[in-house]
>>> print(open('protein-v1.txt').read())   # compact mmCIF, C-alpha atoms and all ligand atoms
# COMPACT_ATOMS: atom_id res chain seq x y z
CA MET A 733 187.60 -7.05 -140.19
CA GLN A 734 185.26 -6.61 -137.24
CA ASP A 735 185.19 -2.79 -137.31
CA LEU A 736 181.58 -2.77 -136.13
CA HIS A 737 181.99 -5.47 -133.50
CA ASP A 738 179.53 -4.93 -130.63
CA LYS A 739 177.59 -2.34 -132.61
CA ARG A 740 173.87 -2.68 -132.91
CA ILE A 741 172.41 -0.76 -135.84
CA VAL A 742 168.80 -0.19 -136.80
CA LEU A 743 168.71 -0.02 -140.58
CA GLY A 744 165.56 1.80 -141.69
CA LEU A 745 164.35 1.56 -145.28
CA SER A 746 161.87 4.07 -146.66
CA GLY A 747 160.32 3.79 -150.12
CA GLY A 748 162.70 4.17 -153.05
CA ILE A 749 164.34 2.12 -155.77
CA ALA A 750 167.63 2.37 -153.87
CA CYS A 751 166.16 -0.25 -151.47
CA TYR A 752 167.93 -2.82 -153.62
CA LYS A 753 171.29 -1.43 -152.43
CA SER A 754 170.21 -1.88 -148.81
CA ALA A 755 170.28 -5.66 -149.30
CA GLU A 756 174.01 -5.42 -150.01
CA LEU A 757 174.44 -2.88 -147.23
CA VAL A 758 172.98 -5.15 -144.57
CA ARG A 759 175.40 -7.90 -145.62
CA ARG A 760 178.37 -5.55 -145.46
CA LEU A 761 177.39 -4.28 -142.01
CA ILE A 762 177.06 -7.83 -140.69
CA GLU A 763 180.34 -8.92 -142.28
CA HIS A 764 181.99 -6.15 -140.25
CA GLY A 765 180.54 -7.43 -137.01
CA ALA A 766 177.35 -5.36 -136.57
CA THR A 767 174.00 -6.71 -135.40
CA VAL A 768 171.40 -5.20 -137.70
CA ASP A 769 167.67 -4.81 -137.03
CA VAL A 770 165.86 -3.91 -140.22
CA VAL A 771 162.77 -1.71 -140.04
CA MET A 772 160.87 -0.92 -143.24
CA THR A 773 158.11 1.50 -144.15
CA GLU A 774 155.11 0.13 -146.01
CA ALA A 775 156.41 1.83 -149.18
CA ALA A 776 159.83 0.16 -148.82
CA THR A 777 158.17 -3.28 -148.88
CA ARG A 778 156.97 -2.43 -152.45
CA PHE A 779 160.60 -2.27 -153.57
CA ILE A 780 162.17 -5.14 -151.63
CA THR A 781 160.51 -7.79 -149.50
CA PRO A 782 160.94 -8.14 -145.72
CA VAL A 783 161.76 -11.79 -146.44
CA THR A 784 164.91 -10.75 -148.32
CA MET A 785 165.98 -8.40 -145.56
CA GLN A 786 165.24 -11.01 -142.89
CA ALA A 787 167.26 -13.66 -144.72
CA LEU A 788 170.22 -11.29 -145.06
CA SER A 789 170.11 -9.81 -141.56
CA GLY A 790 169.31 -13.13 -139.88
CA ARG A 791 166.82 -11.31 -137.65
CA PRO A 792 163.10 -10.53 -137.73
CA VAL A 793 162.19 -7.51 -139.84
CA PHE A 794 159.73 -4.95 -138.49
CA VAL A 795 157.20 -2.98 -140.53
CA ASP A 796 154.10 -2.63 -138.42
CA VAL A 797 153.78 -0.47 -135.33
CA TRP A 798 151.21 -3.01 -134.06
CA ASP A 799 153.58 -6.01 -134.20
CA ALA A 800 152.29 -8.78 -131.91
CA ARG A 801 155.75 -10.44 -131.90
CA VAL A 802 157.02 -7.75 -129.54
CA PRO A 803 155.83 -8.84 -126.07
CA ASN A 804 155.09 -5.33 -124.75
CA ASN A 805 153.94 -4.15 -128.18
CA MET A 806 156.44 -1.29 -128.08
CA ALA A 807 158.75 -2.12 -130.95
CA HIS A 808 159.53 1.58 -131.42
CA ILE A 809 160.98 1.80 -127.89
CA ASP A 810 162.63 -1.63 -127.80
CA LEU A 811 164.43 -1.23 -131.11
CA SER A 812 165.67 2.30 -130.59
CA ARG A 813 166.82 1.73 -126.97
CA GLY A 814 169.06 -1.18 -127.92
CA ALA A 815 170.65 0.63 -130.86
CA ASP A 816 174.03 2.37 -131.10
CA ALA A 817 172.77 4.21 -134.19
CA ILE A 818 169.85 4.35 -136.58
CA LEU A 819 170.69 4.54 -140.28
CA ILE A 820 167.91 5.40 -142.73
CA ALA A 821 168.97 4.12 -146.17
CA PRO A 822 167.32 4.93 -148.42
CA ALA A 823 165.77 8.08 -146.98
CA SER A 824 163.08 9.36 -149.36
CA ALA A 825 162.18 13.05 -149.64
CA ASP A 826 158.91 12.26 -147.90
CA PHE A 827 160.58 10.45 -145.02
CA MET A 828 163.00 13.32 -144.43
CA ALA A 829 160.05 15.75 -144.37
CA LYS A 830 158.45 13.54 -141.74
CA LEU A 831 161.61 13.57 -139.62
CA VAL A 832 161.71 17.36 -139.80
CA GLN A 833 158.13 17.62 -138.63
CA GLY A 834 158.56 15.03 -135.89
CA ARG A 835 155.69 12.97 -137.26
CA ALA A 836 155.19 9.44 -135.96
CA ASP A 837 152.61 7.72 -138.11
CA ASP A 838 154.43 4.45 -138.79
CA LEU A 839 156.97 2.29 -136.97
CA LEU A 840 160.10 3.77 -138.58
CA SER A 841 159.18 7.42 -138.00
CA THR A 842 157.97 6.61 -134.47
CA LEU A 843 161.19 4.91 -133.49
CA CYS A 844 163.24 7.80 -134.96
CA LEU A 845 161.27 10.18 -132.76
CA ALA A 846 161.60 7.89 -129.74
CA ARG A 847 165.35 7.35 -130.24
CA ALA A 848 168.03 7.88 -127.64
CA CYS A 849 170.89 7.27 -130.12
CA PRO A 850 172.41 9.08 -133.13
CA LEU A 851 170.49 9.19 -136.42
CA LEU A 852 172.17 8.97 -139.84
CA VAL A 853 170.28 9.53 -143.05
CA ALA A 854 171.25 8.54 -146.61
CA PRO A 855 169.01 10.48 -149.01
CA ALA A 856 167.94 8.81 -152.27
CA MET A 857 165.73 10.52 -154.80
CA ASN A 858 165.44 12.01 -158.26
CA ARG A 859 167.77 14.98 -158.81
CA GLU A 860 164.90 17.48 -159.20
CA MET A 861 163.32 16.27 -155.96
CA TRP A 862 166.69 16.67 -154.24
CA LEU A 863 167.20 20.21 -155.55
CA GLN A 864 163.71 21.48 -154.68
CA ALA A 865 163.62 24.16 -152.01
CA PRO A 866 161.49 22.11 -149.55
CA THR A 867 163.97 19.20 -149.66
CA GLN A 868 166.96 21.50 -149.21
CA ARG A 869 165.17 23.24 -146.32
CA ASN A 870 164.49 19.87 -144.74
CA VAL A 871 168.11 18.73 -145.11
CA ALA A 872 169.34 21.97 -143.51
CA GLN A 873 166.85 21.53 -140.66
CA LEU A 874 167.88 17.91 -140.09
CA GLU A 875 171.53 18.96 -139.91
CA GLN A 876 170.58 21.63 -137.41
CA ASP A 877 168.77 18.96 -135.39
CA GLY A 878 172.00 16.97 -135.18
CA VAL A 879 171.15 14.39 -137.82
CA ASN A 880 174.10 13.15 -139.93
CA ILE A 881 173.37 13.41 -143.65
CA LEU A 882 175.33 10.87 -145.71
CA GLY A 883 175.43 11.95 -149.33
CA PRO A 884 173.71 11.88 -151.65
CA GLY A 885 176.04 10.76 -154.42
CA THR A 886 175.91 11.98 -157.97
CA GLY A 887 175.61 10.11 -161.25
CA SER A 888 173.07 8.25 -163.39
CA GLN A 889 169.74 7.60 -161.71
CA ALA A 890 167.21 4.81 -162.02
CA CYS A 891 164.80 7.27 -163.70
CA GLY A 892 167.31 7.76 -166.53
CA GLU A 893 168.39 11.25 -165.45
CA THR A 894 171.84 12.25 -164.20
CA GLY A 895 172.69 14.40 -161.21
CA ASP A 896 172.68 14.58 -157.40
CA GLY A 897 170.36 12.33 -155.45
CA ARG A 898 171.74 8.79 -155.81
CA MET A 899 172.00 6.93 -152.56
CA PHE A 900 175.63 6.35 -151.54
CA GLU A 901 176.86 2.90 -152.55
CA PRO A 902 176.88 0.21 -149.84
CA ALA A 903 180.68 0.41 -149.56
CA GLN A 904 180.50 4.17 -148.99
CA LEU A 905 177.77 3.80 -146.37
CA LEU A 906 179.76 1.07 -144.65
CA ALA A 907 182.80 3.37 -144.53
CA GLU A 908 180.61 6.16 -143.13
CA MET A 909 179.25 3.89 -140.41
CA ILE A 910 182.70 2.63 -139.40
CA GLY A 911 184.04 6.18 -139.46
CA PHE A 912 181.09 7.42 -137.42
CA PHE A 913 182.03 5.22 -134.48
CA GLN A 914 185.73 6.20 -134.43
CA PRO A 915 186.87 8.88 -131.95
CA LYS A 916 186.98 12.30 -133.66
CA SER A 917 190.46 13.12 -132.44
CA LEU A 918 191.42 15.04 -135.61
CA LYS A 919 188.27 17.12 -136.00
CA ASP A 920 189.01 20.40 -137.85
CA LYS A 921 192.54 19.21 -138.72
CA HIS A 922 193.94 19.14 -142.25
CA VAL A 923 196.16 16.18 -143.03
CA LEU A 924 198.41 15.64 -146.06
CA ILE A 925 199.65 12.12 -146.77
CA THR A 926 201.99 10.74 -149.43
CA ALA A 927 201.60 7.08 -150.40
CA GLY A 928 202.67 4.42 -152.84
CA PRO A 929 205.79 4.18 -154.98
CA THR A 930 207.20 6.74 -157.37
CA ILE A 931 208.29 5.76 -160.85
CA GLU A 932 211.32 7.27 -162.56
CA PRO A 933 211.56 7.05 -166.35
CA ILE A 934 214.56 5.57 -168.19
CA ASP A 935 213.05 6.07 -171.61
CA PRO A 936 209.42 6.44 -172.83
CA VAL A 937 208.64 2.77 -172.09
CA ARG A 938 210.91 1.82 -169.19
CA VAL A 939 210.87 2.95 -165.58
CA ILE A 940 212.56 2.31 -162.25
CA SER A 941 210.21 1.85 -159.35
CA ASN A 942 209.86 -0.04 -156.04
CA ARG A 943 207.57 -2.58 -154.44
CA SER A 944 205.43 -0.26 -152.32
CA SER A 945 201.73 -1.22 -152.62
CA GLY A 946 200.44 2.00 -151.05
CA LYS A 947 198.26 0.03 -148.62
CA THR A 948 199.64 1.58 -145.43
CA GLY A 949 199.36 5.13 -146.79
CA TYR A 950 195.79 4.55 -147.96
CA ALA A 951 194.89 2.95 -144.61
CA LEU A 952 196.27 6.02 -142.84
CA ALA A 953 194.28 8.34 -145.12
CA LYS A 954 191.14 6.39 -144.24
CA ALA A 955 191.94 6.40 -140.50
CA ALA A 956 192.61 10.16 -140.55
CA TRP A 957 189.27 10.76 -142.29
CA GLU A 958 187.53 8.51 -139.78
CA ALA A 959 189.10 10.61 -137.01
CA GLY A 960 187.36 13.67 -138.48
CA ALA A 961 190.24 15.23 -140.49
CA THR A 962 190.10 16.74 -143.97
CA VAL A 963 192.51 14.49 -145.85
CA THR A 964 194.53 15.00 -149.04
CA LEU A 965 196.38 11.96 -150.36
CA ILE A 966 199.19 12.42 -152.87
CA SER A 967 199.69 9.04 -154.41
CA GLY A 968 202.14 7.37 -156.72
CA PRO A 969 200.72 4.69 -159.05
CA THR A 970 198.76 2.02 -157.13
CA ALA A 971 195.85 -0.28 -157.85
CA LEU A 972 193.97 0.90 -154.75
CA THR A 973 190.60 2.62 -154.49
CA THR A 974 190.60 6.10 -152.98
CA PRO A 975 189.24 5.87 -149.42
CA HIS A 976 185.80 7.43 -149.03
CA GLY A 977 185.94 11.13 -148.14
CA VAL A 978 189.60 11.55 -149.14
CA THR A 979 190.84 13.90 -151.90
CA ARG A 980 193.48 12.16 -154.02
CA ILE A 981 196.09 13.73 -156.26
CA ASP A 982 197.90 11.31 -158.59
CA VAL A 983 201.59 11.70 -159.42
CA GLU A 984 204.25 9.47 -160.93
CA THR A 985 207.76 10.77 -160.30
CA ALA A 986 209.42 11.96 -157.09
CA ARG A 987 209.66 15.46 -158.46
CA GLN A 988 205.94 15.50 -159.29
CA MET A 989 205.24 14.27 -155.76
CA HIS A 990 207.51 16.98 -154.34
CA ASP A 991 205.76 19.70 -156.37
CA ALA A 992 202.29 18.42 -155.44
CA VAL A 993 203.21 18.34 -151.74
CA MET A 994 204.69 21.84 -151.81
CA ALA A 995 201.60 23.17 -153.62
CA SER A 996 199.27 21.60 -151.01
CA ILE A 997 201.22 21.98 -147.75
CA LYS A 998 199.97 25.44 -146.76
CA GLY A 999 197.42 25.26 -143.97
CA LYS A 1000 198.05 21.59 -143.21
CA ASP A 1001 198.31 20.58 -139.55
CA ILE A 1002 199.87 17.17 -140.12
CA PHE A 1003 202.10 15.73 -142.85
CA ILE A 1004 202.50 11.95 -142.99
CA ALA A 1005 205.11 10.80 -145.52
CA VAL A 1006 204.43 7.14 -146.24
CA ALA A 1007 205.44 7.13 -149.91
CA ALA A 1008 208.43 5.09 -150.96
CA VAL A 1009 210.04 7.95 -152.86
CA ALA A 1010 212.82 7.04 -155.27
CA ASP A 1011 216.03 8.44 -153.86
CA TRP A 1012 217.52 8.93 -157.32
CA ARG A 1013 216.25 9.58 -160.81
CA VAL A 1014 217.90 8.96 -164.15
CA GLU A 1015 219.67 12.06 -165.40
CA ASN A 1016 220.10 10.92 -168.99
CA VAL A 1017 216.48 9.91 -169.77
CA SER A 1018 216.35 8.91 -173.42
CA ALA A 1019 213.79 10.71 -175.56
CA ASP A 1020 213.34 7.53 -177.61
CA LYS A 1021 213.17 3.90 -176.65
CA ILE A 1022 216.70 2.60 -176.06
CA LYS A 1023 217.35 -0.11 -178.68
CA LYS A 1024 219.63 -3.09 -178.19
CA ASN A 1025 220.98 -3.06 -181.74
CA GLY A 1026 223.91 -5.18 -180.61
CA LYS A 1027 225.32 -2.14 -178.77
CA ASP A 1028 226.85 -2.09 -175.29
CA THR A 1029 224.71 -2.23 -172.17
CA PRO A 1030 223.40 1.31 -171.63
CA THR A 1031 224.78 3.34 -168.73
CA LEU A 1032 222.33 5.22 -166.53
CA ASN A 1033 223.52 8.30 -164.65
CA PHE A 1034 221.63 9.00 -161.44
CA VAL A 1035 221.00 12.30 -159.66
CA PRO A 1036 219.37 12.63 -156.23
CA ASN A 1037 215.68 13.46 -155.89
CA PRO A 1038 214.52 16.10 -153.40
CA ASP A 1039 213.85 14.74 -149.90
CA ILE A 1040 210.23 15.79 -149.55
CA LEU A 1041 209.83 15.00 -145.85
CA ALA A 1042 213.06 16.72 -144.80
CA GLU A 1043 212.11 19.79 -146.83
CA VAL A 1044 208.61 20.00 -145.32
CA ALA A 1045 210.00 19.53 -141.80
CA LYS A 1046 212.28 22.55 -142.36
CA LEU A 1047 209.49 24.91 -143.46
CA PRO A 1048 209.06 27.88 -141.11
CA ASP A 1049 205.43 26.96 -140.36
CA ALA A 1050 205.98 23.20 -140.72
CA PRO A 1051 203.07 20.90 -139.96
CA TRP A 1052 203.51 18.08 -137.44
CA CYS A 1053 205.54 15.58 -139.47
CA VAL A 1054 205.47 11.79 -139.39
CA GLY A 1055 207.96 9.74 -141.41
CA PHE A 1056 208.16 6.09 -142.32
CA ALA A 1057 211.16 3.84 -142.62
CA ALA A 1058 211.05 0.43 -144.24
CA GLU A 1059 214.37 -1.22 -143.40
CA THR A 1060 215.68 -4.70 -144.01
CA GLU A 1061 218.01 -4.83 -140.95
CA ARG A 1062 218.99 -2.93 -137.75
CA LEU A 1063 215.55 -1.31 -137.59
CA SER A 1064 215.94 0.49 -134.24
CA GLU A 1065 219.31 1.96 -135.06
CA PHE A 1066 218.37 3.14 -138.56
CA ALA A 1067 214.93 4.42 -137.52
CA HIS A 1068 216.28 6.55 -134.63
CA GLU A 1069 218.98 7.95 -136.85
CA LYS A 1070 216.50 8.67 -139.67
CA ARG A 1071 214.05 10.48 -137.37
CA LEU A 1072 216.82 12.81 -136.16
CA ARG A 1073 218.26 13.31 -139.62
CA LYS A 1074 214.85 14.29 -141.04
CA GLY A 1075 214.16 16.58 -138.06
CA ILE A 1076 210.73 15.09 -137.27
CA PRO A 1077 208.97 14.26 -133.99
CA MET A 1078 207.76 10.80 -134.96
CA LEU A 1079 208.76 8.01 -137.31
CA ILE A 1080 207.12 4.65 -137.95
CA GLY A 1081 209.55 1.85 -138.70
CA ASN A 1082 209.14 -1.70 -139.91
CA LEU A 1083 211.04 -4.48 -141.54
CA ALA A 1084 210.17 -4.26 -145.21
CA GLN A 1085 210.58 -7.93 -146.05
CA HIS A 1086 207.76 -8.81 -143.60
CA VAL A 1087 205.08 -6.42 -144.77
CA MET A 1088 205.47 -5.38 -148.42
CA ASP A 1089 202.09 -5.77 -150.14
CA ALA A 1090 200.66 -7.68 -147.12
CA ASP A 1091 197.39 -6.72 -145.40
CA HIS A 1092 198.96 -7.13 -141.95
CA THR A 1093 201.93 -5.28 -140.54
CA THR A 1094 204.20 -5.03 -137.51
CA VAL A 1095 205.55 -1.56 -136.77
CA SER A 1096 207.26 0.42 -134.03
CA ILE A 1097 206.78 4.07 -133.26
CA PHE A 1098 210.03 6.00 -132.75
CA ASP A 1099 209.95 9.33 -130.94
CA GLU A 1100 212.07 11.38 -128.56
CA TYR A 1101 211.37 8.86 -125.78
CA GLY A 1102 212.51 5.78 -127.70
CA GLU A 1103 210.91 2.85 -129.50
CA HIS A 1104 207.30 1.79 -128.89
CA PRO A 1105 206.35 -1.45 -130.68
CA LEU A 1106 202.69 -1.85 -131.70
CA PRO A 1107 201.18 -5.35 -131.69
CA PRO A 1108 201.01 -7.07 -135.12
CA ASN A 1109 197.67 -6.26 -136.70
CA ALA A 1110 195.72 -5.54 -139.90
CA LYS A 1111 197.11 -2.45 -141.65
CA GLN A 1112 193.82 -0.61 -141.09
CA ASP A 1113 193.91 -1.23 -137.33
CA VAL A 1114 197.57 -0.25 -137.15
CA ALA A 1115 196.73 2.92 -139.11
CA ARG A 1116 194.07 3.83 -136.52
CA GLN A 1117 196.58 3.27 -133.71
CA ILE A 1118 199.12 5.48 -135.46
CA ILE A 1119 196.54 8.24 -135.87
CA GLN A 1120 195.71 8.02 -132.15
CA ALA A 1121 199.43 8.13 -131.33
CA VAL A 1122 199.86 11.24 -133.50
CA THR A 1123 196.92 12.91 -131.77
CA THR A 1124 198.24 12.15 -128.29
CA ARG A 1125 201.74 13.38 -129.08
CA MET A 1126 200.50 16.52 -130.85
CA SER A 1127 198.33 17.57 -127.93
CA ALA A 1128 201.19 16.83 -125.49
CA HIS A 1129 203.44 19.21 -127.47
CA ARG A 1130 200.89 22.00 -127.79
CA PRO A 1131 202.33 25.16 -126.17
N1 LIG B 1 211.05 10.51 -148.12
C1 LIG B 1 210.69 11.64 -148.80
N2 LIG B 1 211.37 12.01 -149.93
C2 LIG B 1 212.42 11.30 -150.37
C3 LIG B 1 212.80 10.12 -149.68
C4 LIG B 1 212.10 9.76 -148.55
O1 LIG B 1 209.72 12.30 -148.41
N3 LIG B 1 213.06 11.68 -151.46
C5 LIG B 1 210.34 10.13 -146.90
C6 LIG B 1 209.59 8.82 -147.00
O2 LIG B 1 208.25 9.04 -147.41
C7 LIG B 1 209.67 8.30 -145.57
C8 LIG B 1 210.98 8.83 -145.08
O3 LIG B 1 211.30 9.93 -145.90
O4 LIG B 1 208.68 8.87 -144.74
C9 LIG B 1 212.09 7.85 -145.07
O5 LIG B 1 212.34 7.37 -146.34
P1 LIG B 1 213.60 6.47 -146.67
O6 LIG B 1 213.68 6.27 -148.13
O7 LIG B 1 213.56 5.25 -145.81
O8 LIG B 1 214.76 7.39 -146.11
P2 LIG B 1 216.03 7.88 -146.77
O9 LIG B 1 216.27 9.21 -146.21
O10 LIG B 1 215.91 7.80 -148.25
O11 LIG B 1 217.10 6.85 -146.21
P3 LIG B 1 217.66 5.47 -146.84
O12 LIG B 1 217.03 5.30 -148.18
O13 LIG B 1 219.12 5.68 -146.87
O14 LIG B 1 217.28 4.41 -145.85
>>> encode(input="protein-v1.txt", output="structure tokens", more="lines below")
Ligand code: CTP
Amino acid sequence: MQDLHDKRIVLGLSGGIACYKSAELVRRLIEHGATVDVVMTEAATRFITPVTMQALSGRPVFVDVWDARVPNNMAHIDLSRGADAILIAPASADFMAKLVQGRADDLLSTLCLARACPLLVAPAMNREMWLQAPTQRNVAQLEQDGVNILGPGTGSQACGETGDGRMFEPAQLLAEMIGFFQPKSLKDKHVLITAGPTIEPIDPVRVISNRSSGKTGYALAKAAWEAGATVTLISGPTALTTPHGVTRIDVETARQMHDAVMASIKGKDIFIAVAAVADWRVENVSADKIKKNGKDTPTLNFVPNPDILAEVAKLPDAPWCVGFAAETERLSEFAHEKRLRKGIPMLIGNLAQHVMDADHTTVSIFDEYGEHPLPPNAKQDVARQIIQAVTTRMSAHRP
């Protein structure tokens, strides 16, 4: 996916063992369409060579402020003027202190000071260094100066200790960069999303479930986070990784999903029900495994599960609700009817046989004005379009 198409990023490396992760990061950024200029401090070149970074970025790497390759000898101006963003990863404690003081004694610090674009910083250091008062003061000051601090993560460190201070993984930093460039249409909004299938037990080893992969729900959670929202994802069993920045609550049955939604719904601005919730559950669940033993085929009695979306939409202070409908025929007719029956302003409909478990999807938005088909696209791109559509409709309905 070319999420960073047309984006030019200066990737700055200061001295730290996490420089090895920046090799992977540069590849990921390029894979997603970015052009990456790598600038390294002298200390960073002790951890990873400029040759490696040049080979991976496919562009010259800059270290020296006196670089004769730059015709006007002003690499600090040239590089920062052409950039959409500067990302310092890893950012050492020393480099952050330099940024705070506005020092400019090497190429990387000079171009940060000379920048006319946003600056993002991914700290990487030992946990004690991170926790020290001067570092915390510097981080607070950088935030006040409008610098975006990405991380740090927590976990085992190269020094053998465990705690805060690990640089975010390349995948997390990639997600942060993609998210950074998305419009912040849901800033300060709280979004609750259900995703994936539910499973309904028959006995301790058998279940009834459905073929939902959870991909669309997870893509929406990611898109909502990218748009600046605080996102909670209530998920049935899937094999997917939680999108960066999203809080995930795992459930199995429809009733567990219902209870988790009702416990989380207070204070939410938007509820997006993507989960393929089982409409019925088995009433006579067997406490023990049902044995064949030459007996008759077992009979399962079904009782209806609660309709989570309809119940949320009826709450007195209901959030703005979005439903999904995966149909196998007569999409327009069923989707319009379902939107009205659930009492919701917007429903996304698609033909299930075309999209189940796929990475691409074709959907239509159904609202009070009719059906609005979206062009076929990757689920992540469609998710971003849906989030934009939600934002537009919500602001249009604001009293
Ligand atoms: N939904 C829900 N709780 C349920 C069933 C559905 O929250 N118990 C939500 C789904 O997450 C989806 C929407 O309602 O957003 C539509 O789900 P669907 O199963 O297609 O609708 P039903 O009302 O069950 O209609 P039918 O199965 O007859 O098509």
>>> residues_near_ligand(input="protein-v1.txt", ligand="ligand LIG 1 (chain B)", cutoff="7 Å", atoms="all atoms listed in the file", output="PyMOL selection string")
chain A and resi 926+986+1005-1011+1037-1042+1054-1059+1070
>>> atom_distance(input="protein-v1.txt", atom1="atom CA of Arg847 of chain A", atom2="atom CA of His808 of chain A")
8.3 Å
>>> residues_around(input="protein-v1.txt", residues="Lys1000 of chain A", least_positions_apart="5", cutoff="7 Å", atoms="all atoms listed in the file", output="PyMOL selection string")
chain A and resi 922-924+1051
>>> residues_around(input="protein-v1.txt", residues="Leu852 of chain A", least_positions_apart="2", cutoff="8 Å", atoms="only C-alpha atoms", output="number ranges by chain")
A: 817-820, 850, 854, 879-882
>>> closest_residue(input="protein-v1.txt", among="A:Ala1045, A:Met772, A:His976, A:Ala1050", to="Ile1076 of chain A", atoms="only C-alpha atoms")
A:Ala1045
>>> residues_around(input="protein-v1.txt", residues="Thr979 of chain A", least_positions_apart="2", cutoff="10 Å", atoms="only C-alpha atoms", output="MDAnalysis selection string")
chainID A and resid 924 953 962:966 974:977 981
>>> closest_residue(input="protein-v1.txt", among="A:Ala1019, A:Met989, A:Cys1053, A:Val1035", to="Phe1003 of chain A", atoms="all atoms listed in the file")
A:Cys1053
>>> closest_residue(input="protein-v1.txt", among="A:Ala955, A:Val1044, A:Leu863, A:Ile910", to="Gly895 of chain A", atoms="all atoms listed in the file")
A:Leu863
>>> build_atoms(input="protein-v1.txt", residues="segment 976-990 of chain A", atoms="N, CA, C and O atoms", output="compact mmCIF listing (two decimals), keeping the file's coordinate frame")
# COMPACT_ATOMS: atom_id res chain seq x y z
N HIS A 976 186.96 6.53 -149.03
CA HIS A 976 185.80 7.43 -149.03
C HIS A 976 186.12 8.72 -148.26
O HIS A 976 186.72 8.66 -147.18
N GLY A 977 185.77 9.85 -148.83
CA GLY A 977 185.94 11.13 -148.14
C GLY A 977 187.30 11.78 -148.35
O GLY A 977 187.51 12.90 -147.93
N VAL A 978 188.22 11.07 -149.00
CA VAL A 978 189.60 11.55 -149.14
C VAL A 978 189.80 12.16 -150.53
O VAL A 978 189.32 11.62 -151.52
N THR A 979 190.51 13.30 -150.60
CA THR A 979 190.84 13.90 -151.90
C THR A 979 192.19 13.34 -152.35
O THR A 979 193.17 13.42 -151.61
N ARG A 980 192.24 12.79 -153.56
CA ARG A 980 193.48 12.16 -154.02
C ARG A 980 194.07 12.91 -155.20
O ARG A 980 193.36 13.26 -156.14
N ILE A 981 195.37 13.12 -155.15
CA ILE A 981 196.09 13.73 -156.26
C ILE A 981 197.08 12.68 -156.77
O ILE A 981 197.88 12.17 -155.98
N ASP A 982 197.02 12.35 -158.04
CA ASP A 982 197.90 11.31 -158.59
C ASP A 982 199.17 11.92 -159.16
O ASP A 982 199.13 12.93 -159.87
N VAL A 983 200.30 11.29 -158.85
CA VAL A 983 201.59 11.70 -159.42
C VAL A 983 202.35 10.44 -159.83
O VAL A 983 201.95 9.33 -159.47
N GLU A 984 203.43 10.63 -160.55
CA GLU A 984 204.25 9.47 -160.93
C GLU A 984 205.67 9.60 -160.38
O GLU A 984 206.14 8.73 -159.67
N THR A 985 206.35 10.67 -160.69
CA THR A 985 207.76 10.77 -160.30
C THR A 985 207.92 11.46 -158.94
O THR A 985 206.99 12.13 -158.46
N ALA A 986 209.12 11.31 -158.38
CA ALA A 986 209.42 11.96 -157.09
C ALA A 986 209.29 13.47 -157.21
O ALA A 986 208.78 14.13 -156.30
N ARG A 987 209.72 14.01 -158.33
CA ARG A 987 209.66 15.46 -158.46
C ARG A 987 208.20 15.94 -158.55
O ARG A 987 207.84 16.98 -158.01
N GLN A 988 207.37 15.14 -159.26
CA GLN A 988 205.94 15.50 -159.29
C GLN A 988 205.34 15.44 -157.88
O GLN A 988 204.55 16.28 -157.48
N MET A 989 205.76 14.40 -157.12
CA MET A 989 205.24 14.27 -155.76
C MET A 989 205.71 15.46 -154.92
O MET A 989 204.92 16.06 -154.17
N HIS A 990 206.96 15.82 -155.06
CA HIS A 990 207.51 16.98 -154.34
C HIS A 990 206.70 18.23 -154.67
O HIS A 990 206.27 18.97 -153.78
